[in-house]
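Colleague: CSV, C-alpha atoms and all ligand atoms, file my_file-v3.csv:
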```csv
chain,number,residue,atom,x,y,z
A,1,MET,CA,-48.4,33.7,84.1
A,2,ILE,CA,-52.0,32.7,83.1
A,3,ASP,CA,-52.6,35.7,80.8
A,4,ARG,CA,-49.3,36.3,79.2
A,5,TYR,CA,-50.2,34.3,76.1
A,6,SER,CA,-53.8,35.3,75.9
A,7,ARG,CA,-53.5,37.2,72.6
A,8,GLN,CA,-51.7,34.2,71.0
A,9,VAL,CA,-54.3,31.8,72.3
A,10,LEU,CA,-57.0,34.0,70.9
A,11,PHE,CA,-55.4,33.7,67.5
A,12,PRO,CA,-57.2,30.8,65.9
A,13,GLY,CA,-54.1,29.5,64.1
A,14,ILE,CA,-52.5,28.6,67.5
A,15,GLY,CA,-55.3,28.5,70.1
A,16,ARG,CA,-55.1,26.8,73.4
A,17,SER,CA,-54.0,23.4,72.0
A,18,GLY,CA,-51.2,25.0,70.0
A,19,GLN,CA,-50.1,27.1,73.0
A,20,ASP,CA,-49.9,23.9,75.1
A,21,LEU,CA,-47.8,22.2,72.4
A,22,LEU,CA,-45.4,25.1,72.2
A,23,ARG,CA,-44.6,24.7,75.9
A,24,THR,CA,-43.4,21.1,75.3
A,25,LYS,CA,-41.0,22.0,72.5
A,26,HIS,CA,-37.2,22.4,72.4
A,27,VAL,CA,-35.7,24.7,69.7
A,28,LEU,CA,-32.0,24.9,68.9
A,29,ILE,CA,-30.9,28.3,67.6
A,30,ILE,CA,-27.6,28.2,65.8
A,31,GLY,CA,-25.9,31.7,66.0
A,32,ALA,CA,-26.9,34.6,68.3
A,33,GLY,CA,-26.1,37.4,65.8
A,34,ALA,CA,-28.8,39.5,64.2
A,35,LEU,CA,-31.0,36.6,62.9
A,36,GLY,CA,-30.5,34.4,65.9
A,37,ALA,CA,-31.2,37.1,68.4
A,38,ALA,CA,-34.4,38.3,66.6
A,39,ASN,CA,-35.7,34.7,66.3
A,40,ALA,CA,-34.8,33.9,69.9
A,41,GLU,CA,-36.7,36.9,71.3
A,42,MET,CA,-39.9,36.1,69.4
A,43,ILE,CA,-39.6,32.4,70.2
A,44,ALA,CA,-39.1,33.1,73.9
A,45,ARG,CA,-42.0,35.6,74.0
A,46,ALA,CA,-44.2,33.0,72.3
A,47,GLY,CA,-43.6,30.6,75.2
A,48,VAL,CA,-41.7,27.7,73.6
A,49,GLY,CA,-40.6,25.5,76.5
A,50,HIS,CA,-36.9,25.2,76.0
A,51,ILE,CA,-34.4,27.2,73.8
A,52,THR,CA,-30.8,26.3,73.3
A,53,ILE,CA,-28.8,29.1,71.7
A,54,VAL,CA,-25.2,28.7,70.5
A,55,ASP,CA,-22.7,31.3,69.4
A,56,ARG,CA,-18.9,31.6,69.2
A,57,ASP,CA,-18.6,35.4,69.2
A,58,TYR,CA,-18.8,38.3,71.8
A,59,VAL,CA,-20.9,41.4,71.6
A,60,ASP,CA,-19.3,44.3,69.8
A,61,PHE,CA,-20.5,47.9,69.4
A,62,SER,CA,-21.1,47.4,65.7
A,63,ASN,CA,-23.7,44.7,66.5
A,64,LEU,CA,-26.0,47.1,68.4
A,65,GLN,CA,-27.5,48.6,65.3
A,66,ARG,CA,-29.4,45.4,64.5
A,67,GLN,CA,-28.9,42.7,67.2
A,68,ASN,CA,-31.9,43.3,69.3
A,69,LEU,CA,-31.0,41.4,72.5
A,70,TYR,CA,-27.8,43.3,73.3
A,71,THR,CA,-27.0,46.5,75.2
A,72,GLU,CA,-24.0,48.9,75.3
A,73,GLN,CA,-23.0,47.3,78.6
A,74,ASP,CA,-22.7,43.9,76.9
A,75,ALA,CA,-20.3,45.4,74.4
A,76,ILE,CA,-18.3,47.2,77.1
A,77,ASP,CA,-18.1,43.9,79.1
A,78,ARG,CA,-17.3,42.0,75.9
A,79,MET,CA,-19.9,39.4,76.9
A,80,PRO,CA,-20.2,36.3,74.8
A,81,LYS,CA,-23.4,36.7,72.7
A,82,ALA,CA,-24.9,33.3,73.8
A,83,GLU,CA,-24.5,34.3,77.5
A,84,ALA,CA,-25.9,37.9,77.0
A,85,ALA,CA,-28.7,36.4,74.9
A,86,GLY,CA,-29.5,33.8,77.6
A,87,LYS,CA,-29.6,36.4,80.3
A,88,ARG,CA,-31.9,38.7,78.3
A,89,LEU,CA,-34.2,35.9,77.3
A,90,ASN,CA,-34.6,34.8,80.9
A,91,ALA,CA,-35.5,38.4,81.8
A,92,ILE,CA,-38.1,38.5,79.0
A,93,ASN,CA,-39.7,35.2,79.9
A,94,SER,CA,-38.8,33.2,83.0
A,95,ASP,CA,-41.2,30.6,81.9
A,96,VAL,CA,-38.8,29.5,79.2
A,97,ARG,CA,-35.8,27.3,79.9
A,98,VAL,CA,-32.8,28.7,78.2
A,99,THR,CA,-29.5,26.9,77.6
A,100,ALA,CA,-26.7,29.2,76.4
A,101,LEU,CA,-23.5,27.7,74.8
A,102,THR,CA,-20.5,29.7,73.9
A,103,GLN,CA,-18.7,27.6,71.3
A,104,ASP,CA,-18.1,26.9,67.6
A,105,VAL,CA,-20.7,24.9,65.7
A,106,ASP,CA,-19.3,22.0,63.7
A,107,ALA,CA,-20.4,18.5,62.8
A,108,ALA,CA,-19.2,16.9,66.0
A,109,PHE,CA,-21.1,19.5,68.1
A,110,LEU,CA,-24.3,19.2,66.1
A,111,GLU,CA,-24.3,15.4,66.2
A,112,SER,CA,-23.7,15.4,69.9
A,113,ILE,CA,-26.4,17.9,70.8
A,114,LEU,CA,-29.0,16.3,68.5
A,115,THR,CA,-28.4,12.8,69.9
A,116,ARG,CA,-28.5,13.9,73.6
A,117,ASN,CA,-31.5,16.2,73.3
A,118,ASN,CA,-35.0,16.0,72.0
A,119,ILE,CA,-34.7,18.9,69.6
A,120,ASP,CA,-38.0,19.7,67.7
A,121,LEU,CA,-36.7,22.3,65.3
A,122,ILE,CA,-33.4,24.1,64.4
A,123,VAL,CA,-33.3,27.8,63.5
A,124,ASP,CA,-30.6,29.0,61.2
A,125,GLY,CA,-29.0,32.2,62.6
A,126,THR,CA,-25.6,31.6,61.0
A,127,ASP,CA,-23.8,33.9,58.7
A,128,ASN,CA,-22.0,31.4,56.5
A,129,PHE,CA,-22.6,28.5,54.2
A,130,ASP,CA,-19.9,26.3,55.7
A,131,VAL,CA,-22.0,25.9,58.8
A,132,ARG,CA,-25.4,25.8,56.9
A,133,PHE,CA,-24.3,22.8,54.9
A,134,ILE,CA,-23.2,21.0,58.0
A,135,LEU,CA,-26.5,21.9,59.6
A,136,ASN,CA,-28.4,20.7,56.6
A,137,ASP,CA,-26.7,17.3,56.6
A,138,THR,CA,-27.2,16.8,60.4
A,139,ALA,CA,-30.8,17.8,60.1
A,140,GLN,CA,-31.3,15.3,57.4
A,141,LYS,CA,-29.5,12.5,59.2
A,142,TYR,CA,-31.5,13.0,62.4
A,143,ARG,CA,-34.8,13.9,60.6
A,144,ILE,CA,-35.2,17.3,62.3
A,145,PRO,CA,-36.7,20.3,60.4
A,146,TRP,CA,-34.7,23.5,60.2
A,147,VAL,CA,-35.6,27.0,59.1
A,148,TYR,CA,-33.1,28.5,56.7
A,149,GLY,CA,-32.6,32.3,56.9
A,150,ALA,CA,-30.2,34.7,55.3
A,151,CYS,CA,-30.1,38.4,54.9
A,152,VAL,CA,-27.8,41.1,53.5
A,153,ALA,CA,-28.2,44.8,52.7
A,154,SER,CA,-32.0,45.4,52.5
A,155,GLY,CA,-33.0,41.9,51.5
A,156,GLY,CA,-33.4,38.4,52.8
A,157,LEU,CA,-34.7,34.9,52.2
A,158,SER,CA,-36.1,32.0,54.1
A,159,MET,CA,-37.4,28.5,53.8
A,160,LEU,CA,-38.5,25.7,56.2
A,161,ILE,CA,-36.6,22.5,55.2
A,162,VAL,CA,-38.4,19.3,56.3
A,163,PRO,CA,-36.5,16.1,55.9
A,164,GLY,CA,-38.3,13.6,53.7
A,165,LYS,CA,-40.8,16.3,52.5
A,166,THR,CA,-39.1,19.4,51.0
A,167,PRO,CA,-35.9,19.7,49.0
A,168,CYS,CA,-32.9,20.3,51.2
A,169,LEU,CA,-30.3,23.1,51.0
A,170,HIS,CA,-28.0,20.8,49.0
A,171,CYS,CA,-30.8,20.1,46.4
A,172,LEU,CA,-31.2,23.8,46.0
A,173,MET,CA,-27.5,24.7,45.6
A,174,ASP,CA,-25.3,22.2,43.7
A,175,THR,CA,-22.1,23.7,44.8
A,176,MET,CA,-20.8,25.7,47.7
A,177,PRO,CA,-21.2,29.4,47.0
A,178,GLY,CA,-17.9,31.1,46.2
A,179,ALA,CA,-16.1,33.1,48.8
A,180,GLY,CA,-16.7,36.3,46.7
A,181,ALA,CA,-19.8,37.7,48.3
A,182,THR,CA,-19.5,37.9,52.0
A,183,CYS,CA,-21.0,40.3,54.5
A,184,ASP,CA,-17.7,42.1,54.7
A,185,THR,CA,-18.5,43.8,51.4
A,186,ALA,CA,-22.1,44.7,51.9
A,187,GLY,CA,-23.8,46.5,54.8
A,188,ILE,CA,-27.2,45.6,56.3
A,189,ILE,CA,-30.2,47.5,57.6
A,190,SER,CA,-32.1,46.2,60.7
A,191,PRO,CA,-35.5,45.9,59.0
A,192,ALA,CA,-34.0,43.2,56.6
A,193,VAL,CA,-33.0,41.3,59.7
A,194,GLN,CA,-36.3,41.6,61.5
A,195,MET,CA,-38.3,40.7,58.3
A,196,THR,CA,-36.2,37.6,57.7
A,197,ALA,CA,-36.5,36.5,61.3
A,198,SER,CA,-40.2,37.1,61.3
A,199,VAL,CA,-40.7,34.8,58.3
A,200,GLN,CA,-38.5,32.2,60.0
A,201,THR,CA,-40.3,32.4,63.4
A,202,ALA,CA,-43.8,32.3,61.7
A,203,GLU,CA,-42.9,29.0,60.1
A,204,ALA,CA,-41.3,27.8,63.3
A,205,LEU,CA,-44.5,28.6,65.3
A,206,LYS,CA,-46.7,26.8,62.7
A,207,TRP,CA,-44.5,23.7,62.9
A,208,LEU,CA,-44.2,23.7,66.7
A,209,SER,CA,-47.9,24.2,67.3
A,210,GLY,CA,-48.7,21.3,64.9
A,211,ARG,CA,-50.3,23.5,62.2
A,212,THR,CA,-48.4,22.0,59.3
A,213,ASP,CA,-51.4,22.8,57.0
A,214,ALA,CA,-50.4,26.4,57.3
A,215,LEU,CA,-46.8,26.0,56.3
A,216,ARG,CA,-45.7,28.1,53.3
A,217,GLY,CA,-43.7,25.5,51.4
A,218,THR,CA,-41.9,28.0,49.2
A,219,ILE,CA,-38.7,30.0,49.3
A,220,PHE,CA,-39.7,33.5,50.3
A,221,SER,CA,-37.4,36.4,49.4
A,222,PHE,CA,-37.7,40.1,49.5
A,223,ASP,CA,-35.9,43.4,49.1
A,224,LEU,CA,-37.3,46.2,51.3
A,225,TRP,CA,-35.4,49.0,49.5
A,226,LYS,CA,-36.4,47.8,46.0
A,227,ASN,CA,-39.9,46.9,47.2
A,228,GLN,CA,-39.7,43.4,45.8
A,229,PHE,CA,-41.3,40.3,47.3
A,230,SER,CA,-41.3,36.8,45.8
A,231,SER,CA,-42.4,33.3,46.8
A,232,VAL,CA,-41.0,30.5,44.7
A,233,ASP,CA,-42.3,26.9,44.8
A,234,VAL,CA,-39.2,24.7,44.7
A,235,GLN,CA,-40.8,21.3,45.5
A,236,ARG,CA,-39.9,19.8,42.1
A,237,MET,CA,-36.2,20.6,42.8
A,238,LYS,CA,-36.0,17.8,45.4
A,239,LYS,CA,-33.4,15.4,44.0
A,240,ASN,CA,-33.6,11.6,44.5
A,241,ASP,CA,-29.8,11.4,44.1
A,242,CYS,CA,-29.0,14.3,46.5
A,243,PRO,CA,-26.0,13.2,48.6
A,244,SER,CA,-27.7,14.9,51.6
A,245,CYS,CA,-31.4,14.0,51.3
A,246,GLY,CA,-31.7,11.5,48.4
A,247,THR,CA,-32.4,7.8,48.6
A,248,LYS,CA,-28.8,6.9,49.4
A,249,PRO,CA,-27.6,9.8,51.5
A,250,VAL,CA,-23.9,10.0,52.5
A,251,TYR,CA,-24.0,13.4,54.4
A,252,PRO,CA,-20.9,14.7,52.7
A,253,PHE,CA,-20.5,17.7,55.1
A,254,LEU,CA,-20.3,15.5,58.2
A,255,SER,CA,-16.9,14.1,57.5
A,256,TYR,CA,-14.6,16.2,59.7
A,257,GLU,CA,-11.0,15.9,60.6
A,258,ARG,CA,-9.2,16.8,63.8
A,259,THR,CA,-6.9,19.6,62.9
A,260,THR,CA,-6.3,23.1,64.1
A,261,LYS,CA,-8.8,25.2,62.1
A,262,PHE,CA,-8.4,28.8,61.0
A,263,ALA,CA,-11.5,30.7,59.9
A,264,VAL,CA,-12.0,34.3,58.9
A,265,LEU,CA,-15.0,35.7,60.7
A,266,CYS,CA,-17.7,37.4,58.6
A,267,GLY,CA,-17.8,41.1,58.9
A,268,ARG,CA,-14.8,41.4,61.2
A,269,ASP,CA,-11.0,41.8,60.6
A,270,THR,CA,-10.7,38.7,62.8
A,271,VAL,CA,-9.5,35.2,62.4
A,272,GLN,CA,-10.7,32.4,64.7
A,273,ILE,CA,-8.3,29.6,65.6
A,274,ARG,CA,-9.8,26.4,66.9
A,275,PRO,CA,-7.0,24.1,68.2
A,276,ALA,CA,-7.6,20.4,67.6
A,277,ASP,CA,-7.0,19.2,71.1
A,278,VAL,CA,-7.8,22.1,73.5
A,279,THR,CA,-11.4,21.8,74.8
A,280,GLU,CA,-11.0,23.8,77.9
A,281,ARG,CA,-8.6,26.6,78.7
A,282,ASN,CA,-7.7,27.7,82.2
A,283,LEU,CA,-8.1,31.5,81.9
A,284,SER,CA,-6.6,32.5,85.2
A,285,GLU,CA,-3.5,30.4,84.5
A,286,LEU,CA,-3.3,32.1,81.0
A,287,ALA,CA,-3.8,35.5,82.7
A,288,GLY,CA,-0.8,34.9,84.9
A,289,HIS,CA,1.3,34.0,81.9
A,290,ILE,CA,0.1,36.9,79.7
A,291,GLN,CA,0.3,39.8,82.1
A,292,GLN,CA,4.1,39.4,82.2
A,293,THR,CA,4.3,40.6,78.6
A,294,ALA,CA,1.0,42.1,77.5
A,295,ASP,CA,-1.9,44.3,78.8
A,296,ILE,CA,-5.0,42.4,79.6
A,297,THR,CA,-8.0,44.5,78.5
A,298,HIS,CA,-11.0,42.2,79.3
A,299,GLN,CA,-11.5,39.1,81.5
A,300,ASN,CA,-15.0,37.9,82.4
A,301,GLY,CA,-15.1,34.2,83.2
A,302,PHE,CA,-15.8,33.3,79.6
A,303,LEU,CA,-12.9,34.9,77.8
A,304,LEU,CA,-9.7,36.9,78.2
A,305,SER,CA,-8.5,39.6,75.8
A,306,PHE,CA,-5.1,41.3,75.6
A,307,GLN,CA,-3.3,43.7,73.4
A,308,HIS,CA,-0.5,42.6,71.1
A,309,ALA,CA,-0.3,45.9,69.1
A,310,PRO,CA,-1.7,46.3,66.6
A,311,TYR,CA,-3.7,43.1,67.3
A,312,THR,CA,-6.2,42.2,69.9
A,313,VAL,CA,-6.0,38.6,71.0
A,314,THR,CA,-9.0,36.9,72.7
A,315,ALA,CA,-8.8,33.5,74.3
A,316,PHE,CA,-12.1,31.7,75.1
A,317,LYS,CA,-12.7,29.2,77.8
A,318,ASP,CA,-13.6,26.5,75.2
A,319,GLY,CA,-10.1,26.7,73.7
A,320,ARG,CA,-10.7,29.0,70.7
A,321,VAL,CA,-8.7,32.1,70.1
A,322,PHE,CA,-9.6,35.3,68.1
A,323,ILE,CA,-6.9,37.4,66.5
A,324,GLN,CA,-8.4,40.8,65.6
A,325,GLY,CA,-6.7,43.3,63.4
A,326,VAL,CA,-5.3,40.8,60.9
A,327,SER,CA,-5.7,40.9,57.1
A,328,SER,CA,-4.9,37.2,56.4
A,329,VAL,CA,-4.9,33.8,58.0
A,330,GLU,CA,-1.1,33.7,57.7
A,331,GLU,CA,-0.7,36.9,59.7
A,332,SER,CA,-3.0,35.4,62.4
A,333,LYS,CA,-0.9,32.3,62.6
A,334,ARG,CA,2.2,34.4,63.3
A,335,VAL,CA,0.5,36.1,66.3
A,336,TYR,CA,-1.2,32.9,67.5
A,337,TYR,CA,2.0,30.8,67.7
A,338,GLN,CA,3.7,33.4,69.8
A,339,TYR,CA,1.3,32.7,72.7
A,340,PHE,CA,-0.2,29.3,72.1
A,341,GLN,CA,1.5,26.2,71.0
B,401,ZN,ZN,-31.2,17.4,49.1
```
Before we go any further, please render this structure as structure tokens.
Ligand SMILES: [Zn+2]
Modeller:
Amino acid sequence: MIDRYSRQVLFPGIGRSGQDLLRTKHVLIIGAGALGAANAEMIARAGVGHITIVDRDYVDFSNLQRQNLYTEQDAIDRMPKAEAAGKRLNAINSDVRVTALTQDVDAAFLESILTRNNIDLIVDGTDNFDVRFILNDTAQKYRIPWVYGACVASGGLSMLIVPGKTPCLHCLMDTMPGAGATCDTAGIISPAVQMTASVQTAEALKWLSGRTDALRGTIFSFDLWKNQFSSVDVQRMKKNDCPSCGTKPVYPFLSYERTTKFAVLCGRDTVQIRPADVTERNLSELAGHIQQTADITHQNGFLLSFQHAPYTVTAFKDGRVFIQGVSSVEESKRVYYQYFQ
């Protein structure tokens, strides 16, 4: 174990003292899709002490083109991404403590994990602005820096958001982006993912090793197909009256209500249903009930999938349900309420 970080210690930006600091740090990675997986691998190899990785989805064959932690076997077994990522990260670096959580990320979850743990930095591996704005508010409230990252097609962008220092995501975008442009309509190439994640991880390593003098302090964006790169200084866009990071913050995205939530998953013909009051589902009891009327296709301790032609229904241990093969939330509700109350 002595030599595994030798090249990183030789690098003057990090050195022995930076490497020792990395070992004491805890990073929370939100999402284990393309960006989350790429960040997680680099952060684990770099020797950050503790990684917590959270994701709500399972591995699908269409992920393998760009999500670097997963294998065909993970897709065959329909492994939850967080679990598959955790296993792979442990195999890459047993020196690193990895906590894998298969669940949805909302305000309640983020507040609870940030108050119970000493998180030093949050990495954005999400694919939607709903979660990013909740993440932004929570990070501001608990004064934890986070690295924004997003990519689509052949481009991407990234910025490290430091509470009290840089503008926040809310300062930079007055309103929620419309639902028009989603990843359903555009494809993506793997280099765009790796590039965005590399920029995110570089800022993460600077922050975690205490080299704040090296931080970029700009929004970096690029397009690898059009060969364009830009770095924009946005410091003057920090707003004193920002509801998320201004002088009187109200954290507007942290007010949440307890209702059953229906969400269309990005890039999939799938709707996620999160029941208000089910926090744990007994999968073997459910299996006994389901197998009388439908064919169970997958069951692995974390989830249970069955066919309800033309739909695939997946029930997770944490209470959530995916209905795949639907074209609207209404359609998903019809299927959902046949099996769950
Ligand atoms: Zn702000």
Colleague: Contacts of stretch 234-248 of chain A at 12 Å or less, counting all atoms listed in the file, minus same-chain residues fewer than 2 places along, as a PyMOL selection string?
Modeller: chain A and resi 133-143+159-175+216-220+231-232+250-254
Colleague: Near A:Gly18, within 10 Å and counting only C-alpha atoms, which residues show up once chain neighbours fewer than 6 positions away are dropped, as a list of chain:residue names?
Modeller: A:Gln8, A:Val9, A:Phe11, A:Pro12, A:Leu205, A:Lys206, A:Trp207, A:Leu208, A:Ser209, A:Gly210, A:Arg211
Colleague: What would the file look like if the residues just selected were written as a CSV table (one decimal), in the coordinates of the input with C-alpha atoms?
Modeller:
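What follows is the written file part15.csv:
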```csv
chain,number,residue,atom,x,y,z
A,8,GLN,CA,-51.7,34.2,71.0
A,9,VAL,CA,-54.3,31.8,72.3
A,11,PHE,CA,-55.4,33.7,67.5
A,12,PRO,CA,-57.2,30.8,65.9
A,205,LEU,CA,-44.5,28.6,65.3
A,206,LYS,CA,-46.7,26.8,62.7
A,207,TRP,CA,-44.5,23.7,62.9
A,208,LEU,CA,-44.2,23.7,66.7
A,209,SER,CA,-47.9,24.2,67.3
A,210,GLY,CA,-48.7,21.3,64.9
A,211,ARG,CA,-50.3,23.5,62.2
```
Colleague: In the coordinate frame of the file, compute which residues have an atom within 8 Å of (-9.4, 32.3, 59.3) when using all atoms listed in the file, and state them as a list of chain:residue names.
Modeller: A:Lys261, A:Phe262, A:Ala263, A:Val264, A:Leu265, A:Thr270, A:Val271, A:Gln272, A:Ile273, A:Ser328, A:Val329, A:Ser332
Colleague: Those selected residues, please, written with C-alpha atoms and delivered as a compact mmCIF listing (two decimals), keeping the file's coordinate frame.
Modeller:
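File written: result.txt
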```
# COMPACT_ATOMS: atom_id res chain seq x y z
CA LYS A 261 -8.80 25.20 62.10
CA PHE A 262 -8.40 28.80 61.00
CA ALA A 263 -11.50 30.70 59.90
CA VAL A 264 -12.00 34.30 58.90
CA LEU A 265 -15.00 35.70 60.70
CA THR A 270 -10.70 38.70 62.80
CA VAL A 271 -9.50 35.20 62.40
CA GLN A 272 -10.70 32.40 64.70
CA ILE A 273 -8.30 29.60 65.60
CA SER A 328 -4.90 37.20 56.40
CA VAL A 329 -4.90 33.80 58.00
CA SER A 332 -3.00 35.40 62.40
```
Colleague: Between atom CA of A:Gln291 and atom CA of A:Pro275, measure the distance and give it in Å to one decimal.
Modeller: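 Computing it gives 22.2 Å between the two atoms.
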Colleague: Just want the 8 Å neighbourhood of A:Leu121, counted on all atoms listed in the file, with same-chain residues fewer than 3 positions away dropped. Output as a list in words.
Modeller: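 Selected residues are His26, Val27, Leu28, Ile144, Pro145, Trp146, Val147, Ala204 and Leu208 of chain A.
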Colleague: Using all atoms listed in the file, which residue out of A:Asn118, A:Thr71, A:Gln103, A:Thr201 lies closest to A:Arg88?
Modeller: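 The closest residue to A:Arg88 is A:Thr71.
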Colleague: Any idea what's packed within 8 Å of stretch 43-59 of chain A, counting all atoms listed in the file, ignoring anything in its chain fewer than 5 positions away? Could you give it as a PyMOL selection string?
Modeller: chain A and resi 5+8+19+22-33+70+74-75+78-82+85-86+89+92-93+95-105+201+205
Colleague: For atom CA of A:Phe222 and atom CA of A:Gln200, determine how far apart the two atoms are, in Å to one decimal place.
Modeller: 13.2 Å
Colleague: Rounded to one decimal place, report the atom CA of A:Arg132-atom CA of A:Lys317 distance in Å.
Modeller: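 Rounded to one decimal, the two atoms are 24.7 Å apart.
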Colleague: Find the residues near A:Thr314: any atom within 7 Å, counting all atoms listed in the file, skip ones fewer than 3 places away on the same chain, and give them as a list in words.
Modeller: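 Close residues of A:Thr314: Leu303, Leu304, Ser305, Phe306, Val321, Phe322 and Ile323 of chain A.
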Colleague: From the options A:Asn90, A:Gln341, A:Gln299, A:Ser327, which residue's atoms come nearest to A:Asp77, counting all atoms listed in the file?
Modeller: A:Gln299
